[in-house]
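Presented below is the structure to which this report refers.
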Amino acid sequence: MKNSFGPGALALLNEIKTKYPTGRAAIMPALYVAQEEFGWLMPEALEAVADCLELPEMTVRSTATFYSMYRHRKAGRNVIRICTNVSCMVLGARTLKGVLEGLYGVAPGGVSPDGRFSLEIADCIGACGSGPAMLVNDDLHTGLDAKKIIEVLENYK
Ligand code: FES
């Protein structure tokens with residue numbers, strides 16, 4: 001899969017490379033581009049990032065596997081990141097996690113049987129004052145309860 005990025009991703013990667021002094025410093029933003037491009041960081045995606053940054057693949061892999069925001073399994077069409085940290089937990093996040101598991105059959109770290117949703121647990125997404133909160137793809141949703149979370153997710157097919 002070497003250099004198999006599309007033109008949009010390649011343009012982004014070239015821009016990223018100009019903003020960082022070394023390829024090593026550009027690994028994290030480059031991994032984000034790869035994750036957006038391929039949906040997850042399969043070995044070929046890591047190889048493509050390493051090739052693009054002219055780094056050993058192991059250097060890229062060690063960064064990718066250290067941070068939890070990178071996906072190492074194929075994701076659903078929509079990625080739900082629900083916060084279960086203290087503020088959101090106190091406001092009912094665990095109940096919401098149960099709603100998602102019951103309604104869509106998706107457990108943390110998994111994908112719903114229809115491929116519609118992936119569920120990830122987040123350790124705070126910066127919306128502590130208006131929780132429970134979740135991200136669906138790049139969209140922030142706050143003030144969730146069992147009814148609202150279902151209404152919100154109806155917009156993601
Ligand atoms: S604790 Fe949930 S967003 Fe911060």
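Chain identifiers are assigned as A, B, and so on, following the order in which chains appear in the structure tokens; residues are numbered from 1 within each chain, and ligands are numbered from 1 in order of appearance.
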Please identify all protein, DNA and RNA residues within 12 Å of ligand 1, counting only C-alpha atoms and all ligand atoms, and report them as a ChimeraX atom specification. /A:81-94,121-135,140-144
Output file for the residues above (N, CA and C atoms, as a tab-separated table (two decimals), in the first residue's frame):
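result17.tsv written:
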```
chain	number	residue	atom	x	y	z
A	81	ARG	N	-17.95	8.06	20.53
A	81	ARG	CA	-17.01	8.11	21.67
A	81	ARG	C	-17.79	8.70	22.83
A	82	ILE	N	-18.16	7.87	23.75
A	82	ILE	CA	-18.94	8.34	24.89
A	82	ILE	C	-18.02	8.49	26.09
A	83	CYS	N	-18.18	9.62	26.76
A	83	CYS	CA	-17.35	9.90	27.92
A	83	CYS	C	-17.96	9.24	29.14
A	84	THR	N	-17.12	8.51	29.87
A	84	THR	CA	-17.59	7.89	31.12
A	84	THR	C	-16.75	8.37	32.30
A	85	ASN	N	-16.04	9.47	32.10
A	85	ASN	CA	-15.23	10.00	33.19
A	85	ASN	C	-16.15	10.61	34.26
A	86	VAL	N	-15.56	11.08	35.34
A	86	VAL	CA	-16.32	11.38	36.56
A	86	VAL	C	-17.55	12.27	36.33
A	87	SER	N	-17.36	13.43	35.73
A	87	SER	CA	-18.50	14.35	35.57
A	87	SER	C	-19.63	13.70	34.79
A	88	CYS	N	-19.28	13.06	33.68
A	88	CYS	CA	-20.31	12.43	32.86
A	88	CYS	C	-20.89	11.19	33.54
A	89	MET	N	-20.05	10.48	34.26
A	89	MET	CA	-20.52	9.28	34.97
A	89	MET	C	-21.57	9.67	36.01
A	90	VAL	N	-21.29	10.72	36.76
A	90	VAL	CA	-22.22	11.18	37.79
A	90	VAL	C	-23.57	11.57	37.17
A	91	LEU	N	-23.51	12.07	35.94
A	91	LEU	CA	-24.73	12.53	35.26
A	91	LEU	C	-25.42	11.43	34.45
A	92	GLY	N	-24.90	10.21	34.52
A	92	GLY	CA	-25.63	9.10	33.91
A	92	GLY	C	-25.00	8.45	32.69
A	93	ALA	N	-23.72	8.66	32.46
A	93	ALA	CA	-23.09	8.11	31.26
A	93	ALA	C	-23.14	6.58	31.22
A	94	ARG	N	-23.06	5.95	32.36
A	94	ARG	CA	-23.06	4.48	32.35
A	94	ARG	C	-24.40	3.94	31.86
A	121	ILE	N	-14.98	4.19	24.46
A	121	ILE	CA	-15.11	4.91	25.72
A	121	ILE	C	-14.02	5.97	25.77
A	122	ALA	N	-14.42	7.19	26.08
A	122	ALA	CA	-13.47	8.30	26.14
A	122	ALA	C	-13.27	8.72	27.59
A	123	ASP	N	-12.08	9.19	27.87
A	123	ASP	CA	-11.77	9.66	29.23
A	123	ASP	C	-11.86	11.17	29.32
A	124	CYS	N	-12.91	11.74	28.86
A	124	CYS	CA	-13.18	13.18	28.86
A	124	CYS	C	-12.99	13.74	27.46
A	125	ILE	N	-14.01	14.42	27.00
A	125	ILE	CA	-13.95	15.04	25.68
A	125	ILE	C	-14.12	16.54	25.79
A	126	GLY	N	-13.85	17.07	26.99
A	126	GLY	CA	-13.82	18.51	27.17
A	126	GLY	C	-15.19	19.17	27.27
A	127	ALA	N	-16.20	18.41	27.62
A	127	ALA	CA	-17.54	18.98	27.76
A	127	ALA	C	-18.09	18.65	29.15
A	128	CYS	N	-17.21	18.66	30.13
A	128	CYS	CA	-17.54	18.19	31.48
A	128	CYS	C	-18.72	18.95	32.10
A	129	GLY	N	-18.86	20.23	31.78
A	129	GLY	CA	-19.92	21.03	32.38
A	129	GLY	C	-21.28	20.79	31.78
A	130	SER	N	-21.35	20.03	30.71
A	130	SER	CA	-22.65	19.83	30.06
A	130	SER	C	-22.86	18.36	29.68
A	131	GLY	N	-22.33	17.48	30.50
A	131	GLY	CA	-22.48	16.06	30.23
A	131	GLY	C	-23.86	15.54	30.58
A	132	PRO	N	-24.08	14.30	30.35
A	132	PRO	CA	-23.18	13.37	29.69
A	132	PRO	C	-22.94	13.78	28.24
A	133	ALA	N	-21.75	13.49	27.76
A	133	ALA	CA	-21.37	13.96	26.44
A	133	ALA	C	-20.80	12.82	25.60
A	134	MET	N	-20.95	12.98	24.29
A	134	MET	CA	-20.33	12.01	23.37
A	134	MET	C	-19.98	12.72	22.07
A	135	LEU	N	-19.02	12.15	21.39
A	135	LEU	CA	-18.73	12.55	20.02
A	135	LEU	C	-19.28	11.47	19.11
A	140	LEU	N	-20.01	16.95	18.44
A	140	LEU	CA	-20.17	16.88	19.89
A	140	LEU	C	-21.65	16.95	20.25
A	141	HIS	N	-22.09	16.06	21.13
A	141	HIS	CA	-23.47	16.06	21.63
A	141	HIS	C	-23.40	16.05	23.15
A	142	THR	N	-24.16	16.94	23.77
A	142	THR	CA	-24.10	17.09	25.23
A	142	THR	C	-25.50	17.00	25.82
A	143	GLY	N	-25.52	16.99	27.13
A	143	GLY	CA	-26.80	16.96	27.84
A	143	GLY	C	-27.63	15.74	27.48
A	144	LEU	N	-26.96	14.62	27.32
A	144	LEU	CA	-27.65	13.42	26.83
A	144	LEU	C	-28.42	12.72	27.94
```
For A:Ile149, work out the shell of residues within 9 Å, counting only C-alpha atoms and skipping chain neighbours fewer than 6 positions away, then give it as a PDB file with all heavy atoms, in the first residue's frame.
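Wrote it out as out_25.pdb, contents follow:
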```
ATOM      1  N   LEU A  96     -26.239   5.438  29.705  1.00  0.00           N
ATOM      2  CA  LEU A  96     -26.241   5.639  28.250  1.00  0.00           C
ATOM      3  C   LEU A  96     -25.451   4.551  27.545  1.00  0.00           C
ATOM      4  O   LEU A  96     -25.840   4.078  26.477  1.00  0.00           O
ATOM      5  CB  LEU A  96     -25.665   7.016  27.916  1.00  0.00           C
ATOM      6  CG  LEU A  96     -26.432   8.191  28.490  1.00  0.00           C
ATOM      7  CD1 LEU A  96     -25.757   9.501  28.120  1.00  0.00           C
ATOM      8  CD2 LEU A  96     -27.880   8.182  28.027  1.00  0.00           C
ATOM      9  N   VAL A  99     -27.651   1.738  27.223  1.00  0.00           N
ATOM     10  CA  VAL A  99     -28.657   1.955  26.171  1.00  0.00           C
ATOM     11  C   VAL A  99     -28.066   1.605  24.810  1.00  0.00           C
ATOM     12  O   VAL A  99     -28.690   0.911  23.996  1.00  0.00           O
ATOM     13  CB  VAL A  99     -29.155   3.425  26.182  1.00  0.00           C
ATOM     14  CG1 VAL A  99     -29.965   3.739  24.934  1.00  0.00           C
ATOM     15  CG2 VAL A  99     -29.961   3.707  27.439  1.00  0.00           C
ATOM     16  N   LEU A 100     -26.851   2.065  24.571  1.00  0.00           N
ATOM     17  CA  LEU A 100     -26.203   1.795  23.281  1.00  0.00           C
ATOM     18  C   LEU A 100     -25.978   0.299  23.081  1.00  0.00           C
ATOM     19  O   LEU A 100     -26.203  -0.229  21.996  1.00  0.00           O
ATOM     20  CB  LEU A 100     -24.864   2.534  23.195  1.00  0.00           C
ATOM     21  CG  LEU A 100     -24.947   4.057  23.201  1.00  0.00           C
ATOM     22  CD1 LEU A 100     -23.552   4.669  23.182  1.00  0.00           C
ATOM     23  CD2 LEU A 100     -25.763   4.552  22.026  1.00  0.00           C
ATOM     24  N   HIS A 141     -22.090  16.061  21.130  1.00  0.00           N
ATOM     25  CA  HIS A 141     -23.466  16.063  21.630  1.00  0.00           C
ATOM     26  C   HIS A 141     -23.399  16.047  23.150  1.00  0.00           C
ATOM     27  O   HIS A 141     -22.698  15.235  23.738  1.00  0.00           O
ATOM     28  CB  HIS A 141     -24.236  14.845  21.105  1.00  0.00           C
ATOM     29  CG  HIS A 141     -24.305  14.808  19.609  1.00  0.00           C
ATOM     30  ND1 HIS A 141     -25.198  15.567  18.887  1.00  0.00           N
ATOM     31  CD2 HIS A 141     -23.559  14.132  18.709  1.00  0.00           C
ATOM     32  CE1 HIS A 141     -25.011  15.350  17.608  1.00  0.00           C
ATOM     33  NE2 HIS A 141     -24.033  14.481  17.461  1.00  0.00           N
TER      34      HIS A 141
END
```
Run DSSP on the backbone and tell me which residues of stretch 6-148 of chain A come out as strand (DSSP E or B); list them as JSON, numbers by chain. {"A": [78, 79, 80, 81, 82, 83, 111, 117, 118, 119, 120, 121, 122, 134, 135, 136, 139, 140, 141]}
Using C-alpha atoms, can you export the residues from the last selection as a short mmCIF file (atom, residue, chain, number, x, y, z; two decimals), in the first residue's frame?
```cif
data_model
loop_
_atom_site.label_atom_id
_atom_site.label_comp_id
_atom_site.auth_asym_id
_atom_site.auth_seq_id
_atom_site.Cartn_x
_atom_site.Cartn_y
_atom_site.Cartn_z
CA ASN A 78 -20.04 6.13 12.55
CA VAL A 79 -17.75 6.20 15.56
CA ILE A 80 -19.36 6.98 18.91
CA ARG A 81 -17.01 8.11 21.67
CA ILE A 82 -18.94 8.34 24.89
CA CYS A 83 -17.35 9.90 27.92
CA VAL A 111 -18.86 -2.59 16.07
CA PHE A 117 -21.69 2.17 14.86
CA SER A 118 -18.41 1.65 16.63
CA LEU A 119 -18.41 2.36 20.34
CA GLU A 120 -15.40 3.72 22.14
CA ILE A 121 -15.11 4.91 25.72
CA ALA A 122 -13.47 8.30 26.14
CA MET A 134 -20.33 12.01 23.37
CA LEU A 135 -18.73 12.55 20.02
CA VAL A 136 -20.23 10.95 16.96
CA ASP A 139 -19.85 16.07 16.19
CA LEU A 140 -20.17 16.88 19.89
CA HIS A 141 -23.47 16.06 21.63
#
```
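Distance check against A:Asn14 using only C-alpha atoms: of A:Lys74, A:Tyr156, A:Pro29, A:Leu55, the minimum falls on A:Pro29.
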Find the distance between atom CA of A:Leu41 and atom CA of A:Val60 and write it in Å to one decimal. 10.7 Å
Pick out the closest residue to A:Met28 from this set: A:Arg116, A:Gly6, A:Met69, A:Glu15. Count only C-alpha atoms. A:Met69
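Nearest to A:Ala48 of all the residues A:Leu10, A:Lys19, A:Gly76, A:Thr65 is A:Leu10, based on only C-alpha atoms.
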Hey, what does DSSP flag as helix (DSSP H, G or I) within stretch 12-141 of chain A? Can you give it to me as a PyMOL selection string? chain A and resi 12-19+24-38+43-53+57-66+86-90+93-104+128-130
